[in-house]
$ cat my_file.txt   # compact mmCIF, C-alpha atoms
# COMPACT_ATOMS: atom_id res chain seq x y z
CA MET R 1 21.79 162.10 110.81
CA GLY R 2 21.22 165.63 112.04
CA GLN R 3 22.57 167.21 115.20
CA THR R 4 19.03 167.53 116.48
CA GLU R 5 18.58 163.77 116.42
CA GLN R 6 21.97 163.30 118.07
CA LYS R 7 20.81 165.53 120.93
CA ILE R 8 17.57 163.59 121.21
CA ILE R 9 19.43 160.27 121.26
CA ARG R 10 21.79 161.59 123.95
CA LYS R 11 18.83 162.62 126.08
CA ALA R 12 17.15 159.25 125.58
CA VAL R 13 20.39 157.48 126.50
CA ALA R 14 20.33 159.52 129.71
CA GLY R 15 16.81 158.22 130.44
CA ASP R 16 14.63 161.01 129.06
CA ARG R 17 11.31 159.42 128.12
CA ALA R 18 10.11 162.41 126.11
CA ALA R 19 13.24 162.17 123.99
CA PHE R 20 12.65 158.47 123.45
CA ARG R 21 9.10 159.28 122.39
CA GLU R 22 10.55 161.52 119.68
CA LEU R 23 12.65 158.62 118.44
CA VAL R 24 9.61 156.34 118.39
CA LEU R 25 7.66 158.90 116.34
CA GLU R 26 10.60 159.30 113.96
CA HIS R 27 11.41 155.63 113.38
CA SER R 28 8.11 153.79 113.79
CA HIS R 29 7.12 153.78 110.11
CA ALA R 30 10.53 152.48 109.01
CA MET R 31 10.51 149.88 111.80
CA PHE R 32 7.07 148.71 110.68
CA ARG R 33 8.20 148.37 107.08
CA LEU R 34 11.18 146.25 108.11
CA ALA R 35 9.13 144.15 110.53
CA TRP R 36 6.43 143.59 107.93
CA ARG R 37 8.92 142.53 105.28
CA LEU R 38 10.51 140.15 107.77
CA SER R 39 7.21 138.61 108.87
CA SER R 40 4.90 139.13 105.87
CA ASN R 41 2.17 139.58 108.43
CA GLU R 42 0.57 142.81 109.55
CA SER R 43 -0.34 141.92 113.11
CA ALA R 44 3.00 140.16 113.64
CA ALA R 45 4.76 143.29 112.38
CA GLU R 46 2.78 145.41 114.87
CA ASP R 47 3.82 143.15 117.73
CA ILE R 48 7.44 143.10 116.59
CA VAL R 49 7.62 146.89 116.38
CA GLN R 50 6.23 147.35 119.89
CA GLU R 51 8.46 144.70 121.38
CA ALA R 52 11.51 146.08 119.57
CA PHE R 53 10.89 149.60 120.91
CA ILE R 54 10.48 148.31 124.45
CA LYS R 55 13.79 146.42 124.11
CA ALA R 56 15.40 149.51 122.60
CA TRP R 57 14.36 151.60 125.61
CA ARG R 58 15.77 149.02 128.01
CA LYS R 59 19.04 148.78 126.10
CA ILE R 60 19.49 152.37 124.99
CA GLY R 61 21.83 153.09 127.87
CA SER R 62 24.34 150.79 126.22
CA PHE R 63 24.04 152.46 122.83
CA ARG R 64 27.39 153.77 121.62
CA MET R 65 27.04 157.16 119.99
CA GLU R 66 29.80 156.48 117.49
CA SER R 67 27.69 153.82 115.83
CA SER R 68 24.59 154.33 113.77
CA PHE R 69 21.28 154.54 115.60
CA LYS R 70 19.40 153.27 112.56
CA SER R 71 21.63 150.17 112.35
CA TRP R 72 21.24 149.65 116.09
CA LEU R 73 17.44 149.80 115.85
CA HIS R 74 17.48 147.49 112.85
CA ARG R 75 19.53 144.94 114.77
CA ILE R 76 16.99 144.95 117.59
CA THR R 77 14.10 144.71 115.12
CA VAL R 78 15.66 141.79 113.23
CA ASN R 79 16.44 139.89 116.44
CA THR R 80 12.97 140.55 117.82
CA ALA R 81 11.39 139.40 114.56
CA MET R 82 13.45 136.22 114.50
CA ASP R 83 12.48 135.36 118.08
CA TYR R 84 8.85 136.17 117.40
CA LEU R 85 8.67 134.11 114.21
CA ARG R 86 10.40 131.12 115.79
CA LYS R 87 7.91 131.19 118.63
CA GLN R 88 5.00 131.48 116.19
CA SER R 89 6.41 128.73 114.05
CA ARG R 90 6.77 126.40 117.04
CA ARG R 91 3.26 127.21 118.21
CA LYS R 92 1.73 126.65 114.78
CA LYS R 93 3.66 123.45 114.30
CA PHE R 94 2.31 122.26 117.58
CA GLU R 95 -1.23 123.26 116.65
CA THR R 96 -1.42 122.42 112.96
CA GLU R 97 2.00 121.21 111.92
CA GLU R 98 1.91 123.87 109.26
CA PRO R 99 4.10 126.87 110.11
CA GLU R 100 3.06 130.25 108.85
CA TRP R 101 6.59 131.01 107.75
CA ASP R 102 8.45 127.91 106.64
CA PRO R 103 12.08 128.83 106.00
CA GLY R 104 12.60 125.46 104.42
CA LEU R 105 10.22 126.13 101.54
CA LYS R 106 12.19 125.89 98.31
CA SER R 107 11.77 128.42 95.54
CA ALA R 108 10.90 125.63 93.15
CA GLU R 109 7.85 124.88 95.28
CA ILE R 110 6.47 128.37 94.88
CA PRO R 111 3.42 128.23 92.66
CA SER R 112 4.27 129.04 89.09
CA HIS R 113 2.57 132.04 87.53
CA ASP R 114 -0.72 131.60 85.80
CA THR R 115 -2.99 133.90 83.91
CA GLN R 116 -3.79 135.85 87.07
CA ILE R 117 -0.31 136.83 87.98
CA ASP R 118 -0.04 138.67 91.19
CA ILE R 119 3.55 139.82 91.30
CA ARG R 120 3.30 140.99 94.85
CA LYS R 121 2.01 137.66 96.10
CA GLN R 122 4.64 135.83 94.12
CA THR R 123 7.34 138.05 95.57
CA GLU R 124 5.99 137.43 99.04
CA ALA R 125 5.98 133.69 98.38
CA ALA R 126 9.53 133.90 97.09
CA MET R 127 10.57 135.77 100.23
CA LYS R 128 9.05 132.99 102.31
CA GLY R 129 11.25 130.57 100.44
CA LEU R 130 14.34 132.18 101.94
CA SER R 131 15.95 131.15 105.19
CA GLU R 132 15.89 133.62 108.09
CA ILE R 133 19.41 134.82 107.47
CA GLU R 134 18.98 135.06 103.69
CA ARG R 135 15.76 136.99 104.04
CA SER R 136 17.15 139.39 106.64
CA ALA R 137 20.34 140.00 104.69
CA LEU R 138 18.47 140.61 101.45
CA LEU R 139 15.93 142.96 103.05
CA LEU R 140 18.58 145.01 104.81
CA LYS R 141 20.61 145.26 101.62
CA HIS R 142 17.89 145.67 99.03
CA PHE R 143 15.27 147.78 100.79
CA GLU R 144 17.14 149.46 103.62
CA GLY R 145 20.25 150.30 101.63
CA HIS R 146 22.79 149.12 104.19
CA SER R 147 26.24 148.21 102.96
CA ILE R 148 27.26 144.55 103.18
CA ASN R 149 29.53 145.41 106.12
CA GLU R 150 26.63 147.06 107.94
CA VAL R 151 24.31 144.14 107.22
CA ALA R 152 26.98 141.79 108.58
CA GLN R 153 27.21 143.88 111.75
CA ILE R 154 23.44 144.03 112.19
CA LEU R 155 23.12 140.27 111.75
CA GLU R 156 26.28 139.64 113.77
CA ILE R 157 27.86 137.45 111.10
CA THR R 158 31.07 137.77 109.09
CA THR R 159 31.14 139.81 105.91
CA GLY R 160 31.84 136.64 103.92
CA ALA R 161 28.86 134.85 105.42
CA CYS R 162 26.72 137.89 104.76
CA LYS R 163 27.74 138.00 101.11
CA GLN R 164 26.97 134.31 100.71
CA ALA R 165 23.55 134.79 102.33
CA ILE R 166 22.76 137.62 99.90
CA PHE R 167 24.00 135.58 96.93
CA ARG R 168 21.83 132.62 97.92
CA ALA R 169 18.82 134.87 98.49
CA VAL R 170 19.26 136.60 95.14
CA LYS R 171 19.55 133.26 93.33
CA LYS R 172 16.35 131.97 94.92
CA MET R 173 14.47 135.20 94.26
CA ARG R 174 15.56 135.24 90.64
CA ILE R 175 14.41 131.67 90.08
CA ALA R 176 11.03 132.51 91.59
CA LEU R 177 10.57 135.85 89.83
CA ARG R 178 12.04 135.02 86.42
CA PRO R 179 8.73 133.74 84.98
CA LEU R 180 7.13 137.09 85.80
CA VAL R 181 9.59 139.24 83.88
CA THR R 182 7.92 140.58 80.78
CA THR R 183 10.21 140.67 77.78
CA MET A 1 40.19 137.25 82.22
CA LYS A 2 38.48 135.81 85.29
CA HIS A 3 35.02 134.45 84.62
CA ILE A 4 32.31 136.90 85.68
CA THR A 5 29.81 135.07 87.85
CA ASP A 6 26.25 135.98 88.74
CA ASP A 7 27.57 136.79 92.22
CA ASP A 8 29.86 139.39 90.65
CA LEU A 9 26.86 140.86 88.84
CA THR A 10 24.89 140.89 92.09
CA LEU A 11 27.65 142.86 93.78
CA LEU A 12 27.70 145.24 90.81
CA PHE A 13 23.93 145.66 91.10
CA TYR A 14 24.30 146.66 94.73
CA GLY A 15 27.37 148.81 94.01
CA GLU A 16 29.58 146.65 96.18
CA HIS A 17 31.98 145.05 93.71
CA GLU A 18 35.60 145.66 94.58
CA ASN A 19 36.72 145.83 90.97
CA PRO A 20 35.87 149.31 89.62
CA ALA A 21 36.48 148.11 86.06
CA LEU A 22 33.72 145.52 86.21
CA ALA A 23 31.00 147.92 85.04
CA ALA A 24 33.02 148.71 81.93
CA THR A 25 33.66 145.03 81.31
CA VAL A 26 29.93 144.33 81.55
CA ALA A 27 29.08 147.21 79.25
CA GLU A 28 31.62 146.00 76.66
CA SER A 29 30.19 142.50 76.47
CA GLU A 30 26.84 141.81 74.89
CA GLU A 31 26.51 138.54 76.80
CA LEU A 32 27.35 140.12 80.17
CA SER A 33 25.08 143.08 79.52
CA ALA A 34 22.22 140.71 78.75
CA ARG A 35 22.87 138.75 81.93
CA PHE A 36 23.07 141.95 83.94
CA ASP A 37 19.85 143.33 82.43
CA ALA A 38 18.08 140.08 83.31
CA LEU A 39 19.31 140.28 86.89
CA CYS A 40 18.12 143.90 87.15
CA ALA A 41 14.70 143.08 85.75
CA GLU A 42 14.21 140.13 88.07
CA LEU A 43 15.37 141.91 91.20
CA ARG A 44 13.28 144.97 90.42
CA LEU A 45 10.19 142.81 90.69
CA ALA A 46 11.04 142.42 94.36
CA ASP A 47 10.25 146.13 94.72
CA SER A 48 6.59 145.16 94.62
CA PHE A 49 7.03 143.84 98.16
CA VAL A 50 5.45 146.99 99.60
CA PRO A 51 4.15 147.00 103.19
CA PRO A 52 0.64 148.19 104.01
CA HIS A 53 0.27 151.88 104.68
CA ARG A 54 0.35 153.28 108.19
CA GLY A 55 -1.21 156.63 109.01
CA ASP A 56 0.47 159.77 110.30
CA ASP A 57 -0.48 158.95 113.86
CA TYR A 58 1.11 155.51 113.75
CA GLY A 59 4.10 156.59 115.83
CA ALA A 60 1.80 158.12 118.46
CA ASP A 61 -0.24 154.89 118.56
CA ILE A 62 2.90 152.85 119.11
CA TRP A 63 3.99 155.20 121.87
CA GLN A 64 0.64 154.91 123.60
CA LYS A 65 0.90 151.13 123.54
CA ILE A 66 4.49 150.83 124.72
CA SER A 67 4.78 153.66 127.22
CA PRO A 68 3.16 151.70 130.11
CA HIS A 69 5.83 149.03 129.59
CA LEU A 70 8.87 151.26 129.74
CA ASP A 71 9.39 151.14 133.48
CA GLY A 72 11.47 147.98 133.37
CA GLU A 73 15.14 147.75 134.10
CA ARG A 74 17.37 149.74 131.78
CA VAL A 75 20.94 148.99 130.77
CA GLU A 76 22.91 152.04 131.81
CA SER A 77 25.59 153.64 129.75
CA SER A 78 29.08 152.91 130.99
CA SER A 79 31.26 154.53 128.40
CA ARG A 80 31.93 158.16 127.60
CA ILE A 81 29.76 159.38 124.80
CA LYS A 82 31.39 160.31 121.57
CA ILE A 83 29.05 161.91 119.11
CA TRP A 84 29.35 160.89 115.61
CA LEU A 85 26.68 159.15 113.65
CA ALA A 86 27.77 157.70 110.41
CA SER A 87 25.47 158.18 107.52
CA LEU A 88 24.27 154.91 106.12
CA SER A 89 22.34 154.41 103.04
CA GLN A 90 24.17 152.66 100.30
CA PRO A 91 21.41 152.27 97.85
CA ARG A 92 21.02 150.25 94.76
CA PHE A 93 22.01 151.42 91.39
CA SER A 94 20.97 152.28 87.77
CA LEU A 95 22.08 151.43 84.26
CA ALA A 96 22.11 152.46 80.64
CA GLY A 97 23.54 155.98 80.60
CA ALA A 98 25.90 155.37 83.47
CA LEU A 99 27.18 152.10 82.04
CA SER A 100 27.74 153.77 78.68
CA PHE A 101 29.74 156.43 80.44
CA VAL A 102 31.86 153.83 82.21
CA LEU A 103 32.54 152.07 78.91
CA VAL A 104 33.54 155.25 77.09
CA ALA A 105 35.67 156.38 80.02
CA ALA A 106 37.44 153.03 80.12
CA LEU A 107 38.07 153.10 76.37
CA ALA A 108 39.31 156.67 76.51
CA PHE A 109 41.63 155.79 79.35
CA THR A 110 43.04 152.74 77.56
CA LEU A 111 43.53 154.50 74.26
CA GLY A 112 44.93 157.57 75.92
CA ARG A 113 47.39 155.45 77.88
CA ASN A 114 48.58 153.85 74.65
CA GLY A 115 49.37 157.32 73.41
CA GLY A 116 47.40 156.71 70.27
CA GLN A 117 50.49 155.09 68.77
CA GLU A 118 48.54 152.50 66.89
CA VAL A 119 45.81 154.85 65.85
CA ILE A 120 46.13 156.04 62.30
CA ASN A 121 44.37 159.31 61.77
CA ASP A 122 42.70 158.47 58.54
CA PRO A 123 39.61 160.62 58.36
CA GLY A 124 38.13 158.20 55.85
CA ASP A 125 38.25 155.33 58.32
CA PRO A 126 35.40 155.67 60.83
CA VAL A 127 36.86 153.08 63.21
CA ASN A 128 40.24 154.75 63.44
CA SER A 129 38.79 158.20 63.63
CA THR A 130 36.50 157.12 66.51
CA ALA A 131 39.45 155.53 68.28
CA ALA A 132 41.49 158.67 67.77
CA THR A 133 38.69 160.78 69.17
CA LEU A 134 38.33 158.54 72.20
CA ALA A 135 42.07 158.62 72.78
CA ASN A 136 41.85 162.38 73.08
CA ILE A 137 39.05 162.35 75.64
CA ASP A 138 40.03 163.35 79.14
CA PRO A 139 38.25 160.85 81.47
CA ASN A 140 37.87 163.56 84.13
CA ARG A 141 36.10 165.86 81.72
CA LEU A 142 33.99 162.98 80.55
CA LEU A 143 33.06 162.26 84.14
CA THR A 144 32.06 165.84 84.95
CA HIS A 145 30.13 166.11 81.71
CA SER A 146 28.27 162.85 82.33
CA VAL A 147 27.51 163.70 85.96
CA SER A 148 26.27 167.10 84.85
CA GLY A 149 23.72 165.37 82.60
CA HIS A 150 22.79 163.08 85.46
CA LEU A 151 22.28 166.04 87.81
CA GLU A 152 20.05 167.74 85.26
CA GLN A 153 17.79 164.69 85.33
CA VAL A 154 17.93 164.59 89.12
CA ASN A 155 17.05 168.28 89.22
CA LEU A 156 14.06 167.69 86.97
CA VAL A 157 12.73 164.73 88.94
CA LEU A 158 13.29 166.40 92.32
CA THR A 159 11.57 169.58 91.14
CA GLN A 160 8.55 167.56 90.03
CA PHE A 161 8.58 165.64 93.30
CA ALA A 162 8.84 168.80 95.41
CA ASN A 163 5.82 170.33 93.71
CA ALA A 164 3.56 167.32 93.25
CA SER A 165 0.79 166.89 95.77
CA GLU A 166 0.27 163.20 94.99
CA THR A 167 2.53 160.29 94.22
CA SER A 168 2.89 159.17 90.65
CA ALA A 169 3.68 155.66 89.50
CA SER A 170 6.66 156.83 87.48
CA GLU A 171 8.30 158.54 90.46
CA ALA A 172 9.70 155.38 92.02
CA GLY A 173 10.83 154.09 88.64
CA TYR A 174 12.76 157.29 87.90
CA ALA A 175 14.25 157.24 91.37
CA THR A 176 15.44 153.66 90.95
CA ASP A 177 17.09 154.50 87.64
CA MET A 178 18.71 157.57 89.15
CA LEU A 179 20.01 155.46 92.02
CA VAL A 180 21.72 153.15 89.57
CA ALA A 181 23.34 155.99 87.75
CA ASN A 182 24.21 157.82 90.93
CA ARG A 183 26.01 154.82 92.37
CA LEU A 184 28.03 154.18 89.22
CA TYR A 185 29.00 157.83 88.93
CA ARG A 186 29.96 157.90 92.60
CA GLN A 187 32.21 154.89 92.12
CA ALA A 188 33.72 156.46 89.01
CA ALA A 189 34.35 159.71 90.89
CA THR A 190 36.03 157.79 93.71
CA THR A 191 38.17 155.86 91.24
CA ARG A 192 39.26 159.09 89.56
CA GLY A 193 40.09 160.65 92.91
CA ASN A 194 37.32 163.28 92.72
CA HIS A 195 36.36 162.86 96.34
CA LYS A 196 34.31 166.03 96.60
CA LEU A 197 32.04 164.92 93.78
CA ALA A 198 31.90 161.38 95.21
CA ALA A 199 30.87 162.78 98.61
CA PHE A 200 28.18 164.94 97.04
CA LEU A 201 26.74 161.98 95.14
CA ALA A 202 26.87 159.90 98.33
CA ASP A 203 24.83 162.62 100.09
CA LEU A 204 22.23 162.39 97.35
CA GLU A 205 21.74 158.65 97.66
CA PRO A 206 19.69 158.40 100.88
CA LEU A 207 17.00 160.63 99.41
CA LEU A 208 16.96 158.65 96.18
CA ILE A 209 16.48 155.47 98.23
CA GLU A 210 13.58 157.07 100.04
CA LEU A 211 12.09 158.24 96.77
CA ALA A 212 12.40 154.76 95.31
CA TYR A 213 11.03 152.80 98.25
CA GLU A 214 9.26 155.03 100.73
CA ALA A 215 7.66 157.97 98.94
CA GLN A 216 4.83 155.79 97.62
CA SER A 217 4.28 153.51 100.56
CA GLY A 218 5.09 156.01 103.29
CA SER A 219 2.63 158.29 104.98
CA PRO A 220 1.72 161.75 103.68
CA ALA A 221 3.84 163.11 106.55
CA THR A 222 6.88 161.20 105.24
CA ARG A 223 6.30 162.59 101.79
CA GLU A 224 5.90 166.09 103.15
CA ARG A 225 9.14 165.77 105.12
CA MET A 226 10.97 164.58 102.02
CA GLN A 227 9.54 167.40 99.93
CA LYS A 228 10.64 169.86 102.58
CA GLU A 229 14.13 168.38 102.56
CA VAL A 230 14.28 168.71 98.79
CA ARG A 231 12.97 172.28 98.76
CA ASN A 232 15.02 173.48 101.71
CA GLY A 233 18.44 172.67 100.39
CA LEU A 234 18.97 169.57 98.34
CA LEU A 235 17.59 171.02 95.14
CA PHE A 236 19.74 174.09 95.64
CA ARG A 237 22.84 171.97 96.22
CA VAL A 238 22.15 169.91 93.08
CA ARG A 239 21.89 173.09 91.03
CA VAL A 240 25.04 174.62 92.53
CA MET A 241 27.02 171.44 91.95
CA ASN A 242 25.79 171.25 88.39
CA LYS A 243 26.87 174.84 87.79
CA GLN A 244 30.29 174.06 89.18
CA LEU A 245 30.60 171.05 86.93
CA ASN A 246 29.83 173.19 83.94
CA LYS A 247 32.71 175.54 84.77
CA PRO A 248 35.78 173.69 83.41
CA GLN A 249 38.28 175.78 85.40
CA ILE A 250 36.81 174.93 88.76
CA SER A 251 37.87 171.65 90.24
CA VAL A 252 35.13 169.84 92.16
$ encode --input "my_file.txt" --output "structure tokens"
Amino acid sequence: MGQTEQKIIRKAVAGDRAAFRELVLEHSHAMFRLAWRLSSNESAAEDIVQEAFIKAWRKIGSFRMESSFKSWLHRITVNTAMDYLRKQSRRKKFETEEPEWDPGLKSAEIPSHDTQIDIRKQTEAAMKGLSEIERSALLLKHFEGHSINEVAQILEITTGACKQAIFRAVKKMRIALRPLVTT
Amino acid sequence: MKHITDDDLTLLFYGEHENPALAATVAESEELSARFDALCAELRLADSFVPPHRGDDYGADIWQKISPHLDGERVESSSRIKIWLASLSQPRFSLAGALSFVLVAALAFTLGRNGGQEVINDPGDPVNSTAATLANIDPNRLLTHSVSGHLEQVNLVLTQFANASETSASEAGYATDMLVANRLYRQAATTRGNHKLAAFLADLEPLLIELAYEAQSGSPATRERMQKEVRNGLLFRVRVMNKQLNKPQISV
């Protein structure tokens, strides 16, 4: 984190909208990637990113400069995504009784690979087989490179619980992806 | 010895295991190595979970959409501001060369600690002569030598990255492998008390993460920024550090 960004954050904390705009420009792509991986849905990810930035602006006055801005933004994004997906899930259940993201889907239920293997789709399906906490913990660890302690802080759980969530997620992903590994 | 579980291997994969000797234990055992390789192969498939591309003006689009909604109530800062932003980025890791290094270093350390008392220097016996050679290896020199080789590879890949106008499929693969190696070397440097080297390798990791996960899926602007970062300092630092490592008198 450069000094320039620290200055920008300080200005944004003080209420400078232009400074906050800089932060939006800087972090929007990364926020979208995280939101998309959490939701597996492009339009949902768009909504989550916008909502998360609006929340970030409202809360930025409480941001503590000694902590990491990236972790802080990730926490807001994860929480926003969870709220969004729960709402969507409830709405879909009400409408069709078939939620778009069913955290209860077991890895064993993921379609096995056939001649037309699409690894990306299978990975996506495997991700959908994870619970909210498993999925979030795995994404923050695997793709965002946070340490387990940081993931625990972002998800507001204990380090032990975070480790267990990652272990469970990894086990499920391995079961789902194992048939696709070429030997 | 305590049974090594898949959870232990997962922590090793993410460079988070508390036991620094685990990598050597895994490298020593054929069964553990096979289990670890399988875990790596399966988890690497998850890397295909790549989000759709967003253009350079994505941030500006977002701003345009959210700016009318920013007039709501804000939570004001109540505490005095202290400025220090911790660097994050603890990426994932790599394998073969780095694990080999850890194994050799562990063997050298063990044999060296035993003072070579049980090693008979019979030049006709390849096992004993190998053991005697290992016993004479200084783990610190082995570390600097191994990291030097690692940095040469990093230098090569970063140079190619800095000069390439388009992404190549092999780029992310190389970066992932380098991450693995980088993490193991960083842990080894920390274990051996070479904090300067450990800090340097830690500085390298965020870029390797970006190379592995973002260079291909990110926008051209992201790639350009990364290339600029590489050209404007990182490449130079890698070369300087490598030169220092190749000077045996200079402690790093």
$ atom_distance --input "my_file.txt" --atom1 "atom CA of Phe69 of chain R" --atom2 "atom CA of Ala46 of chain A"
26.5 Å
$ residues_around --input "my_file.txt" --residues "Ala198 of chain A" --least-positions-apart "4" --cutoff "8 Å" --atoms "all atoms listed in the file" --output "list in words"
Tyr185, Arg186, Gln187, Ala189, Thr190, Asn194 and Ala202 of chain A
$ interface_residues --input "my_file.txt" --of "chain R" --to "chain A" --cutoff "8 Å" --atoms "all atoms listed in the file" --output "ChimeraX atom specification"
/R:1,6,13-14,21,24-29,33,36-37,42,50,53-54,57-69,119-120,123-124,141-148,167,170,173-174,177-178,181
$ atom_distance --input "my_file.txt" --atom1 "atom CA of Ile154 of chain R" --atom2 "atom CA of Glu51 of chain R"
17.6 Å
$ atom_distance --input "my_file.txt" --atom1 "atom CA of Gln3 of chain R" --atom2 "atom CA of Val230 of chain A"
18.4 Å
$ residues_around --input "my_file.txt" --residues "Leu73 of chain R" --least-positions-apart "4" --cutoff "8 Å" --atoms "all atoms listed in the file" --output "list in words"
Ala52, Ala56, Phe69 and Thr77 of chain R
$ closest_residue --input "my_file.txt" --among "A:Val154, A:Leu207, A:Leu22, A:Leu32" --to "Asp177 of chain A" --atoms "only C-alpha atoms"
A:Val154
$ closest_residue --input "my_file.txt" --among "R:Ala19, R:Met127, R:Val78, R:Leu38" --to "Val151 of chain R" --atoms "only C-alpha atoms"
R:Val78
